[in-house]
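Novice: structure-v7.txt is reproduced in full below (compact mmCIF, N, CA and C atoms).
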```
# COMPACT_ATOMS: atom_id res chain seq x y z
N VAL A 84 79.56 97.67 123.08
CA VAL A 84 80.81 98.29 123.50
C VAL A 84 80.62 99.80 123.45
N SER A 85 81.06 100.46 124.50
CA SER A 85 80.91 101.91 124.57
C SER A 85 81.88 102.61 123.61
N ALA A 86 81.57 103.85 123.27
CA ALA A 86 82.44 104.64 122.40
C ALA A 86 83.80 104.84 123.05
N GLU A 87 83.82 104.99 124.37
CA GLU A 87 85.08 105.17 125.08
C GLU A 87 85.94 103.91 124.97
N ARG A 88 85.33 102.77 125.13
CA ARG A 88 86.06 101.49 125.04
C ARG A 88 86.57 101.27 123.61
N ALA A 89 85.76 101.62 122.62
CA ALA A 89 86.17 101.48 121.22
C ALA A 89 87.36 102.38 120.91
N ALA A 90 87.33 103.62 121.43
CA ALA A 90 88.45 104.54 121.23
C ALA A 90 89.71 104.02 121.91
N GLU A 91 89.55 103.45 123.09
CA GLU A 91 90.69 102.87 123.81
C GLU A 91 91.29 101.71 123.02
N ALA A 92 90.44 100.87 122.46
CA ALA A 92 90.92 99.73 121.66
C ALA A 92 91.65 100.21 120.41
N GLN A 93 91.14 101.27 119.79
CA GLN A 93 91.79 101.81 118.59
C GLN A 93 93.16 102.39 118.93
N LEU A 94 93.26 103.08 120.05
CA LEU A 94 94.54 103.64 120.49
C LEU A 94 95.53 102.51 120.78
N LEU A 95 95.08 101.48 121.48
CA LEU A 95 95.94 100.33 121.78
C LEU A 95 96.43 99.68 120.49
N ASP A 96 95.54 99.53 119.52
CA ASP A 96 95.92 98.94 118.24
C ASP A 96 97.00 99.78 117.56
N SER A 97 96.84 101.09 117.60
CA SER A 97 97.84 101.98 116.99
C SER A 97 99.19 101.86 117.69
N LEU A 98 99.18 101.80 119.00
CA LEU A 98 100.42 101.66 119.76
C LEU A 98 101.12 100.34 119.45
N LEU A 99 100.35 99.27 119.41
CA LEU A 99 100.94 97.95 119.12
C LEU A 99 101.44 97.87 117.68
N SER A 100 100.77 98.55 116.76
CA SER A 100 101.22 98.55 115.37
C SER A 100 102.55 99.27 115.20
N ALA A 101 102.85 100.19 116.09
CA ALA A 101 104.09 100.97 115.99
C ALA A 101 105.31 100.25 116.56
N ARG A 102 105.11 99.13 117.23
CA ARG A 102 106.25 98.44 117.84
C ARG A 102 107.10 97.78 116.76
N SER A 103 108.33 97.53 117.09
CA SER A 103 109.26 96.88 116.18
C SER A 103 109.09 95.37 116.29
N MET A 104 109.08 94.71 115.15
CA MET A 104 109.02 93.25 115.13
C MET A 104 110.26 92.73 114.42
N PRO A 105 110.84 91.65 114.93
CA PRO A 105 112.02 91.10 114.24
C PRO A 105 111.62 90.55 112.87
N MET A 106 112.52 90.71 111.92
CA MET A 106 112.30 90.21 110.57
C MET A 106 112.40 88.70 110.57
N GLU A 107 111.51 88.06 109.85
CA GLU A 107 111.60 86.61 109.64
C GLU A 107 112.91 86.36 108.90
N PRO A 108 113.76 85.46 109.38
CA PRO A 108 115.10 85.32 108.79
C PRO A 108 115.13 84.83 107.34
N LYS A 109 114.08 84.18 106.86
CA LYS A 109 114.15 83.62 105.51
C LYS A 109 113.21 84.27 104.52
N GLY A 110 112.45 85.26 104.96
CA GLY A 110 111.58 85.90 104.00
C GLY A 110 110.47 86.72 104.63
N TYR A 111 109.66 87.30 103.77
CA TYR A 111 108.59 88.17 104.23
C TYR A 111 107.42 88.08 103.25
N PHE A 112 106.26 88.47 103.72
CA PHE A 112 105.05 88.46 102.91
C PHE A 112 104.65 89.87 102.54
N ILE A 113 104.23 90.04 101.30
CA ILE A 113 103.53 91.25 100.86
C ILE A 113 102.08 90.81 100.68
N LEU A 114 101.20 91.41 101.48
CA LEU A 114 99.79 91.00 101.52
C LEU A 114 98.93 92.04 100.83
N GLY A 115 97.85 91.59 100.22
CA GLY A 115 96.98 92.52 99.54
C GLY A 115 95.66 91.91 99.13
N LEU A 116 94.99 92.61 98.22
CA LEU A 116 93.69 92.20 97.72
C LEU A 116 93.70 92.16 96.21
N ASP A 117 92.98 91.22 95.64
CA ASP A 117 92.66 91.22 94.21
C ASP A 117 91.16 91.44 94.15
N ARG A 118 90.76 92.70 94.12
CA ARG A 118 89.33 93.03 94.17
C ARG A 118 88.56 92.46 92.99
N GLU A 119 89.18 92.48 91.83
CA GLU A 119 88.51 91.98 90.63
C GLU A 119 88.12 90.51 90.78
N ALA A 120 89.03 89.72 91.34
CA ALA A 120 88.77 88.30 91.55
C ALA A 120 88.08 88.03 92.89
N GLY A 121 88.04 89.04 93.77
CA GLY A 121 87.44 88.86 95.10
C GLY A 121 88.28 87.97 96.00
N LEU A 122 89.61 88.13 95.92
CA LEU A 122 90.52 87.25 96.66
C LEU A 122 91.52 88.04 97.50
N LEU A 123 92.00 87.39 98.54
CA LEU A 123 93.13 87.87 99.32
C LEU A 123 94.39 87.36 98.63
N THR A 124 95.47 88.13 98.71
CA THR A 124 96.73 87.71 98.10
C THR A 124 97.86 87.76 99.13
N ALA A 125 98.80 86.86 98.99
CA ALA A 125 100.00 86.84 99.82
C ALA A 125 101.16 86.38 98.95
N ASN A 126 102.15 87.22 98.81
CA ASN A 126 103.34 86.88 98.05
C ASN A 126 104.52 86.77 99.01
N PHE A 127 105.19 85.61 98.97
CA PHE A 127 106.34 85.38 99.85
C PHE A 127 107.61 85.67 99.09
N HIS A 128 108.44 86.54 99.66
CA HIS A 128 109.72 86.91 99.08
C HIS A 128 110.84 86.41 99.99
N SER A 129 111.82 85.75 99.39
CA SER A 129 112.98 85.30 100.16
C SER A 129 113.89 86.47 100.49
N CYS A 130 114.59 86.37 101.60
CA CYS A 130 115.57 87.38 101.96
C CYS A 130 116.64 86.73 102.83
N MET A 131 117.63 87.52 103.17
CA MET A 131 118.71 87.05 104.04
C MET A 131 119.25 88.24 104.79
N LEU A 132 120.06 87.98 105.79
CA LEU A 132 120.74 89.04 106.53
C LEU A 132 122.19 89.09 106.07
N ASN A 133 122.69 90.31 105.80
CA ASN A 133 124.10 90.42 105.41
C ASN A 133 124.98 90.46 106.66
N ASP A 134 126.27 90.64 106.48
CA ASP A 134 127.22 90.64 107.60
C ASP A 134 126.97 91.75 108.61
N GLN A 135 126.30 92.82 108.16
CA GLN A 135 125.99 93.94 109.06
C GLN A 135 124.61 93.79 109.70
N GLY A 136 123.94 92.66 109.43
CA GLY A 136 122.62 92.43 110.00
C GLY A 136 121.49 93.12 109.25
N LYS A 137 121.77 93.63 108.04
CA LYS A 137 120.76 94.28 107.22
C LYS A 137 120.01 93.24 106.40
N VAL A 138 118.72 93.47 106.23
CA VAL A 138 117.90 92.57 105.43
C VAL A 138 118.16 92.84 103.95
N CYS A 139 118.49 91.77 103.21
CA CYS A 139 118.82 91.88 101.79
C CYS A 139 118.01 90.89 100.98
N ASP A 140 117.82 91.21 99.68
CA ASP A 140 117.25 90.21 98.80
C ASP A 140 118.34 89.18 98.50
N LEU A 141 118.02 88.16 97.75
CA LEU A 141 118.97 87.08 97.52
C LEU A 141 120.14 87.49 96.62
N ASP A 142 120.05 88.68 96.00
CA ASP A 142 121.16 89.21 95.21
C ASP A 142 122.08 90.08 96.06
N GLY A 143 121.74 90.24 97.35
CA GLY A 143 122.57 91.04 98.25
C GLY A 143 122.19 92.51 98.32
N ASN A 144 121.12 92.91 97.63
CA ASN A 144 120.67 94.30 97.67
C ASN A 144 119.91 94.54 98.97
N ILE A 145 120.29 95.58 99.70
CA ILE A 145 119.61 95.91 100.96
C ILE A 145 118.18 96.32 100.65
N ILE A 146 117.25 95.76 101.41
CA ILE A 146 115.84 96.11 101.28
C ILE A 146 115.59 97.29 102.21
N PRO A 147 115.36 98.48 101.67
CA PRO A 147 115.32 99.69 102.49
C PRO A 147 113.98 99.98 103.14
N CYS A 148 113.08 99.04 103.19
CA CYS A 148 111.74 99.31 103.70
C CYS A 148 111.76 99.60 105.20
N ASP A 149 111.04 100.64 105.57
CA ASP A 149 110.86 101.01 106.97
C ASP A 149 109.51 101.69 107.09
N ASP A 150 109.29 102.43 108.17
CA ASP A 150 108.01 103.09 108.39
C ASP A 150 107.68 104.12 107.32
N ASP A 151 108.71 104.60 106.58
CA ASP A 151 108.49 105.61 105.55
C ASP A 151 108.31 105.00 104.17
N GLY A 152 108.25 103.70 104.06
CA GLY A 152 108.09 103.05 102.77
C GLY A 152 109.38 102.41 102.30
N CYS A 153 109.43 102.09 101.02
CA CYS A 153 110.57 101.35 100.48
C CYS A 153 111.46 102.16 99.56
N GLY A 154 111.29 103.46 99.55
CA GLY A 154 112.20 104.33 98.81
C GLY A 154 112.41 103.95 97.36
N GLY A 155 111.39 103.48 96.68
CA GLY A 155 111.51 103.13 95.27
C GLY A 155 112.11 101.76 95.01
N TYR A 156 112.40 101.00 96.07
CA TYR A 156 112.96 99.66 95.91
C TYR A 156 111.98 98.79 95.12
N LYS A 157 112.47 98.12 94.09
CA LYS A 157 111.63 97.23 93.29
C LYS A 157 111.75 95.82 93.83
N GLN A 158 110.64 95.29 94.31
CA GLN A 158 110.63 93.93 94.85
C GLN A 158 111.01 92.93 93.76
N PRO A 159 111.85 91.95 94.10
CA PRO A 159 112.10 90.86 93.14
C PRO A 159 110.83 90.00 93.04
N PRO A 160 110.73 89.16 92.03
CA PRO A 160 109.55 88.28 91.94
C PRO A 160 109.43 87.43 93.21
N PRO A 161 108.21 87.17 93.64
CA PRO A 161 108.03 86.35 94.84
C PRO A 161 108.47 84.90 94.62
N LEU A 162 108.91 84.28 95.69
CA LEU A 162 109.25 82.86 95.66
C LEU A 162 107.97 82.03 95.51
N LYS A 163 106.91 82.48 96.18
CA LYS A 163 105.64 81.75 96.16
C LYS A 163 104.50 82.74 96.26
N LYS A 164 103.41 82.47 95.51
CA LYS A 164 102.20 83.30 95.53
C LYS A 164 101.02 82.49 96.05
N PHE A 165 100.21 83.15 96.84
CA PHE A 165 99.01 82.52 97.38
C PHE A 165 97.80 83.41 97.10
N THR A 166 96.65 82.79 96.86
CA THR A 166 95.38 83.49 96.85
C THR A 166 94.40 82.66 97.66
N ALA A 167 93.44 83.35 98.26
CA ALA A 167 92.45 82.65 99.08
C ALA A 167 91.19 83.50 99.17
N ARG A 168 90.08 82.84 99.50
CA ARG A 168 88.80 83.54 99.63
C ARG A 168 88.61 84.14 101.01
N THR A 169 89.27 83.57 102.02
CA THR A 169 89.12 84.05 103.39
C THR A 169 90.47 84.03 104.10
N ALA A 170 90.54 84.72 105.21
CA ALA A 170 91.77 84.73 106.02
C ALA A 170 92.10 83.33 106.52
N LYS A 171 91.09 82.61 106.93
CA LYS A 171 91.34 81.25 107.43
C LYS A 171 91.90 80.36 106.32
N GLU A 172 91.31 80.44 105.14
CA GLU A 172 91.82 79.64 104.02
C GLU A 172 93.28 80.00 103.73
N MET A 173 93.60 81.30 103.77
CA MET A 173 94.96 81.74 103.48
C MET A 173 95.94 81.18 104.50
N THR A 174 95.63 81.29 105.78
CA THR A 174 96.57 80.82 106.79
C THR A 174 96.72 79.31 106.77
N VAL A 175 95.66 78.59 106.42
CA VAL A 175 95.77 77.13 106.27
C VAL A 175 96.71 76.81 105.10
N GLU A 176 96.53 77.51 103.98
CA GLU A 176 97.39 77.27 102.81
C GLU A 176 98.86 77.53 103.13
N ILE A 177 99.12 78.63 103.81
CA ILE A 177 100.51 79.00 104.10
C ILE A 177 101.12 78.12 105.18
N PHE A 178 100.46 78.00 106.32
CA PHE A 178 101.09 77.39 107.49
C PHE A 178 100.82 75.91 107.67
N GLU A 179 99.81 75.38 106.98
CA GLU A 179 99.51 73.95 107.14
C GLU A 179 99.78 73.15 105.89
N ARG A 180 99.59 73.74 104.73
CA ARG A 180 99.70 72.97 103.48
C ARG A 180 100.99 73.23 102.70
N TRP A 181 101.71 74.31 103.00
CA TRP A 181 102.93 74.63 102.26
C TRP A 181 104.06 73.79 102.82
N ASP A 182 104.42 72.72 102.11
CA ASP A 182 105.54 71.87 102.52
C ASP A 182 106.81 72.71 102.48
N GLY A 183 107.54 72.70 103.56
CA GLY A 183 108.78 73.46 103.64
C GLY A 183 108.58 74.93 103.91
N CYS A 184 107.42 75.31 104.44
CA CYS A 184 107.18 76.72 104.76
C CYS A 184 108.32 77.24 105.62
N PRO A 185 109.00 78.30 105.17
CA PRO A 185 110.18 78.78 105.90
C PRO A 185 109.87 79.66 107.11
N VAL A 186 108.60 79.92 107.39
CA VAL A 186 108.25 80.77 108.53
C VAL A 186 108.51 80.00 109.81
N VAL A 187 109.39 80.54 110.65
CA VAL A 187 109.73 79.86 111.90
C VAL A 187 109.27 80.66 113.12
N SER A 188 108.95 81.92 112.93
CA SER A 188 108.59 82.80 114.03
C SER A 188 107.09 82.78 114.30
N VAL A 189 106.72 82.45 115.53
CA VAL A 189 105.31 82.50 115.93
C VAL A 189 104.80 83.94 115.83
N VAL A 190 105.66 84.89 116.13
CA VAL A 190 105.30 86.31 116.03
C VAL A 190 104.91 86.65 114.59
N HIS A 191 105.70 86.18 113.63
CA HIS A 191 105.41 86.46 112.23
C HIS A 191 104.14 85.75 111.78
N ALA A 192 103.95 84.51 112.19
CA ALA A 192 102.74 83.78 111.82
C ALA A 192 101.49 84.47 112.38
N ALA A 193 101.57 84.92 113.63
CA ALA A 193 100.44 85.63 114.22
C ALA A 193 100.17 86.94 113.47
N TYR A 194 101.22 87.64 113.09
CA TYR A 194 101.10 88.88 112.33
C TYR A 194 100.38 88.63 111.01
N VAL A 195 100.80 87.59 110.28
CA VAL A 195 100.17 87.28 108.99
C VAL A 195 98.68 86.97 109.20
N GLY A 196 98.36 86.22 110.25
CA GLY A 196 96.96 85.93 110.54
C GLY A 196 96.14 87.18 110.82
N ARG A 197 96.70 88.08 111.63
CA ARG A 197 95.99 89.34 111.93
C ARG A 197 95.80 90.17 110.67
N GLU A 198 96.84 90.27 109.88
CA GLU A 198 96.75 91.06 108.65
C GLU A 198 95.76 90.46 107.67
N MET A 199 95.71 89.14 107.60
CA MET A 199 94.74 88.51 106.69
C MET A 199 93.31 88.78 107.16
N GLN A 200 93.10 88.83 108.47
CA GLN A 200 91.76 89.17 109.00
C GLN A 200 91.39 90.60 108.58
N ARG A 201 92.34 91.52 108.70
CA ARG A 201 92.09 92.91 108.30
C ARG A 201 91.82 92.99 106.80
N ALA A 202 92.60 92.26 106.00
CA ALA A 202 92.42 92.27 104.55
C ALA A 202 91.05 91.69 104.18
N GLU A 203 90.66 90.62 104.85
CA GLU A 203 89.35 90.02 104.58
C GLU A 203 88.23 91.01 104.89
N GLN A 204 88.34 91.68 106.02
CA GLN A 204 87.33 92.67 106.39
C GLN A 204 87.25 93.78 105.34
N ALA A 205 88.41 94.23 104.86
CA ALA A 205 88.44 95.28 103.83
C ALA A 205 87.84 94.77 102.52
N LEU A 206 88.14 93.53 102.17
CA LEU A 206 87.62 92.96 100.93
C LEU A 206 86.10 92.93 100.93
N PHE A 207 85.53 92.46 102.04
CA PHE A 207 84.07 92.30 102.09
C PHE A 207 83.33 93.61 102.35
N SER A 208 84.00 94.60 102.93
CA SER A 208 83.34 95.87 103.23
C SER A 208 83.58 96.93 102.15
N GLY A 209 84.50 96.65 101.23
CA GLY A 209 84.82 97.62 100.20
C GLY A 209 85.82 98.67 100.64
N GLN A 210 86.35 98.55 101.85
CA GLN A 210 87.34 99.50 102.36
C GLN A 210 88.70 99.26 101.74
N ASP A 211 89.57 100.25 101.85
CA ASP A 211 90.95 100.09 101.39
C ASP A 211 91.69 99.21 102.39
N TYR A 212 92.72 98.53 101.89
CA TYR A 212 93.59 97.74 102.76
C TYR A 212 95.03 98.17 102.53
N GLN A 213 95.71 98.47 103.62
CA GLN A 213 97.14 98.78 103.60
C GLN A 213 97.80 97.89 104.65
N GLN A 214 98.75 97.09 104.22
CA GLN A 214 99.44 96.20 105.15
C GLN A 214 100.10 97.01 106.24
N ASP A 215 99.94 96.57 107.49
CA ASP A 215 100.48 97.25 108.66
C ASP A 215 101.98 96.99 108.76
```
Can you turn what I pasted into structure tokens?
Specialist:
Amino acid sequence: VSAERAAEAQLLDSLLSARSMPMEPKGYFILGLDREAGLLTANFHSCMLNDQGKVCDLDGNIIPCDDDGCGGYKQPPPLKKFTARTAKEMTVEIFERWDGCPVVSVVHAAYVGREMQRAEQALFSGQDYQQD
């Protein structure tokens, strides 16, 4: 692949990362790495929409996360925690083996898969990982 094509792909990736995605109505994942154990991590947090359409935790507190971060918001404990050795193992655990998995959006499932691929690459290369 030429340097020009690689730069074009990187620009496209940046543009697509900036688009707005609808929130999964029943929860969200916080994805990361456990470098010490050599594992990928995924924590699922339940949420809901209030009467104004704002995303809230189950106690009704608005989750203020946006492109600028979460403004000091303290995440409640996750409903479910996952660890896996690879992105494929993680997505199988979440989407195929989790009975009652609340993820209904194909967009969200595809996002989790892409992010797990990025996390896996970071884990094996020693690079930092920041969820997109």
Novice: Could you make a table, as a Markdown table, of the residues of region 93-161 of chain A that have an atom within 8 Å of an atom of region 194-201 of chain A, each with its nearest atom pair and distance in Å to one decimal, counting all atoms listed in the file, in chain and number order?
Specialist:
```
| residue | atom | partner | partner_atom | distance |
| --- | --- | --- | --- | --- |
| A:Phe112 | CA | A:Val195 | CA | 7.9 |
| A:Leu114 | CA | A:Glu198 | C | 7.4 |
| A:Gly115 | N | A:Met199 | CA | 7.8 |
| A:Leu123 | CA | A:Met199 | CA | 7.6 |
```
Novice: From the list A:Thr124, A:Gln204, A:Ser100, A:Gln93, which residue is nearest Glu176 (chain A) when using only C-alpha atoms?
Specialist: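 Checking each of A:Thr124, A:Gln204, A:Ser100, A:Gln93 against Glu176 (chain A), counting only C-alpha atoms, the winner is A:Thr124.
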Novice: Looking at A:Lys137, A:Phe127, A:Ile145, A:Ser188, which one is nearest to Phe165 (chain A), with distances taken over only N, CA and C atoms?
Specialist: A:Phe127
Novice: Quick one: pull the distance between atom C of Ser129 (chain A) and CA of Ser97 (chain A), Å, one decimal.
Specialist: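 These two atoms are separated by 27.8 Å.
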Novice: If we draw a sphere of 10 Å around (108.0, 84.9, 97.6), which residues have at least one atom in it when counting only C-alpha atoms? Please report them as number ranges by chain.
Specialist: A: 110-113, 125-130, 158-165
Novice: Find the distance between CA of Asp211 (chain A) and CA of Asp140 (chain A) and write it in Å to one decimal.
Specialist: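 If I compute the distance from CA of Asp211 (chain A) to CA of Asp140 (chain A), I get 28.2 Å.
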Novice: Separation of CA of Ser208 (chain A) and atom C of Arg180 (chain A), in Å?
Specialist: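 Separation between CA of Ser208 (chain A) and atom C of Arg180 (chain A): 28.7 Å.
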Novice: Here is a test: counting only C-alpha atoms, which residue of A:Glu172, A:Val138, A:Leu122, A:Ile146 is nearest to Ala202 (chain A)?
Specialist: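 The answer is A:Leu122, which sits nearest to Ala202 (chain A).
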Novice: Considering only alpha helix (DSSP H) as DSSP defines it on the backbone, what residues of chain A qualify? List them as a PyMOL selection string.
Specialist: chain A and resi 86-100+170-175+189-208
Novice: Box for region 160-163 of chain A: with edges along x, y and z, all listed atoms inside and 4 Å added on each side, what are the centre and edge lengths in Å to one decimal, as JSON?
Specialist:
```
{"center_x": 107.6, "center_y": 85.5, "center_z": 94.1, "size_x": 14.2, "size_y": 15.4, "size_z": 12.3}
```
Novice: Please reconstruct the missing atoms of region 164-190 of chain A (target: N, CA, C and O atoms) and return them as a tab-separated table (two decimals), in the frame of the given file.
Specialist:
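What landed in selection_36.tsv:
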```tsv
chain	number	residue	atom	x	y	z
A	164	LYS	N	103.41	82.47	95.51
A	164	LYS	CA	102.20	83.30	95.53
A	164	LYS	C	101.02	82.49	96.05
A	164	LYS	O	100.88	81.32	95.71
A	165	PHE	N	100.21	83.15	96.84
A	165	PHE	CA	99.01	82.52	97.38
A	165	PHE	C	97.80	83.41	97.10
A	165	PHE	O	97.92	84.64	97.13
A	166	THR	N	96.65	82.79	96.86
A	166	THR	CA	95.38	83.49	96.85
A	166	THR	C	94.40	82.66	97.66
A	166	THR	O	94.53	81.44	97.75
A	167	ALA	N	93.44	83.35	98.26
A	167	ALA	CA	92.45	82.65	99.08
A	167	ALA	C	91.19	83.50	99.17
A	167	ALA	O	91.23	84.71	98.97
A	168	ARG	N	90.08	82.84	99.50
A	168	ARG	CA	88.80	83.54	99.63
A	168	ARG	C	88.61	84.14	101.01
A	168	ARG	O	87.88	85.11	101.16
A	169	THR	N	89.27	83.57	102.02
A	169	THR	CA	89.12	84.05	103.39
A	169	THR	C	90.47	84.03	104.10
A	169	THR	O	91.42	83.36	103.65
A	170	ALA	N	90.54	84.72	105.21
A	170	ALA	CA	91.77	84.73	106.02
A	170	ALA	C	92.10	83.33	106.52
A	170	ALA	O	93.27	82.92	106.50
A	171	LYS	N	91.09	82.61	106.93
A	171	LYS	CA	91.34	81.25	107.43
A	171	LYS	C	91.90	80.36	106.32
A	171	LYS	O	92.86	79.62	106.54
A	172	GLU	N	91.31	80.44	105.14
A	172	GLU	CA	91.82	79.64	104.02
A	172	GLU	C	93.28	80.00	103.73
A	172	GLU	O	94.11	79.12	103.49
A	173	MET	N	93.60	81.30	103.77
A	173	MET	CA	94.96	81.74	103.48
A	173	MET	C	95.94	81.18	104.50
A	173	MET	O	97.00	80.66	104.14
A	174	THR	N	95.63	81.29	105.78
A	174	THR	CA	96.57	80.82	106.79
A	174	THR	C	96.72	79.31	106.77
A	174	THR	O	97.80	78.79	107.03
A	175	VAL	N	95.66	78.59	106.42
A	175	VAL	CA	95.77	77.13	106.27
A	175	VAL	C	96.71	76.81	105.10
A	175	VAL	O	97.59	75.95	105.21
A	176	GLU	N	96.53	77.51	103.98
A	176	GLU	CA	97.39	77.27	102.81
A	176	GLU	C	98.86	77.53	103.13
A	176	GLU	O	99.73	76.75	102.77
A	177	ILE	N	99.12	78.63	103.81
A	177	ILE	CA	100.51	79.00	104.10
A	177	ILE	C	101.12	78.12	105.18
A	177	ILE	O	102.19	77.54	105.00
A	178	PHE	N	100.46	78.00	106.32
A	178	PHE	CA	101.09	77.39	107.49
A	178	PHE	C	100.82	75.91	107.67
A	178	PHE	O	101.53	75.25	108.42
A	179	GLU	N	99.81	75.38	106.98
A	179	GLU	CA	99.51	73.95	107.14
A	179	GLU	C	99.78	73.15	105.89
A	179	GLU	O	100.13	71.97	105.98
A	180	ARG	N	99.59	73.74	104.73
A	180	ARG	CA	99.70	72.97	103.48
A	180	ARG	C	100.99	73.23	102.70
A	180	ARG	O	101.31	72.47	101.80
A	181	TRP	N	101.71	74.31	103.00
A	181	TRP	CA	102.93	74.63	102.26
A	181	TRP	C	104.06	73.79	102.82
A	181	TRP	O	104.62	74.09	103.87
A	182	ASP	N	104.42	72.72	102.11
A	182	ASP	CA	105.54	71.87	102.52
A	182	ASP	C	106.81	72.71	102.48
A	182	ASP	O	107.11	73.37	101.49
A	183	GLY	N	107.54	72.70	103.56
A	183	GLY	CA	108.78	73.46	103.64
A	183	GLY	C	108.58	74.93	103.91
A	183	GLY	O	109.48	75.73	103.64
A	184	CYS	N	107.42	75.31	104.44
A	184	CYS	CA	107.18	76.72	104.76
A	184	CYS	C	108.32	77.24	105.62
A	184	CYS	O	108.62	76.68	106.67
A	185	PRO	N	109.00	78.30	105.17
A	185	PRO	CA	110.18	78.78	105.90
A	185	PRO	C	109.87	79.66	107.11
A	185	PRO	O	110.79	80.08	107.80
A	186	VAL	N	108.60	79.92	107.39
A	186	VAL	CA	108.25	80.77	108.53
A	186	VAL	C	108.51	80.00	109.81
A	186	VAL	O	107.95	78.93	110.02
A	187	VAL	N	109.39	80.54	110.65
A	187	VAL	CA	109.73	79.86	111.90
A	187	VAL	C	109.27	80.66	113.12
A	187	VAL	O	109.21	80.13	114.22
A	188	SER	N	108.95	81.92	112.93
A	188	SER	CA	108.59	82.80	114.03
A	188	SER	C	107.09	82.78	114.30
A	188	SER	O	106.30	83.07	113.41
A	189	VAL	N	106.72	82.45	115.53
A	189	VAL	CA	105.31	82.50	115.93
A	189	VAL	C	104.80	83.94	115.83
A	189	VAL	O	103.66	84.19	115.44
A	190	VAL	N	105.66	84.89	116.13
A	190	VAL	CA	105.30	86.31	116.03
A	190	VAL	C	104.91	86.65	114.59
A	190	VAL	O	103.90	87.30	114.34
```
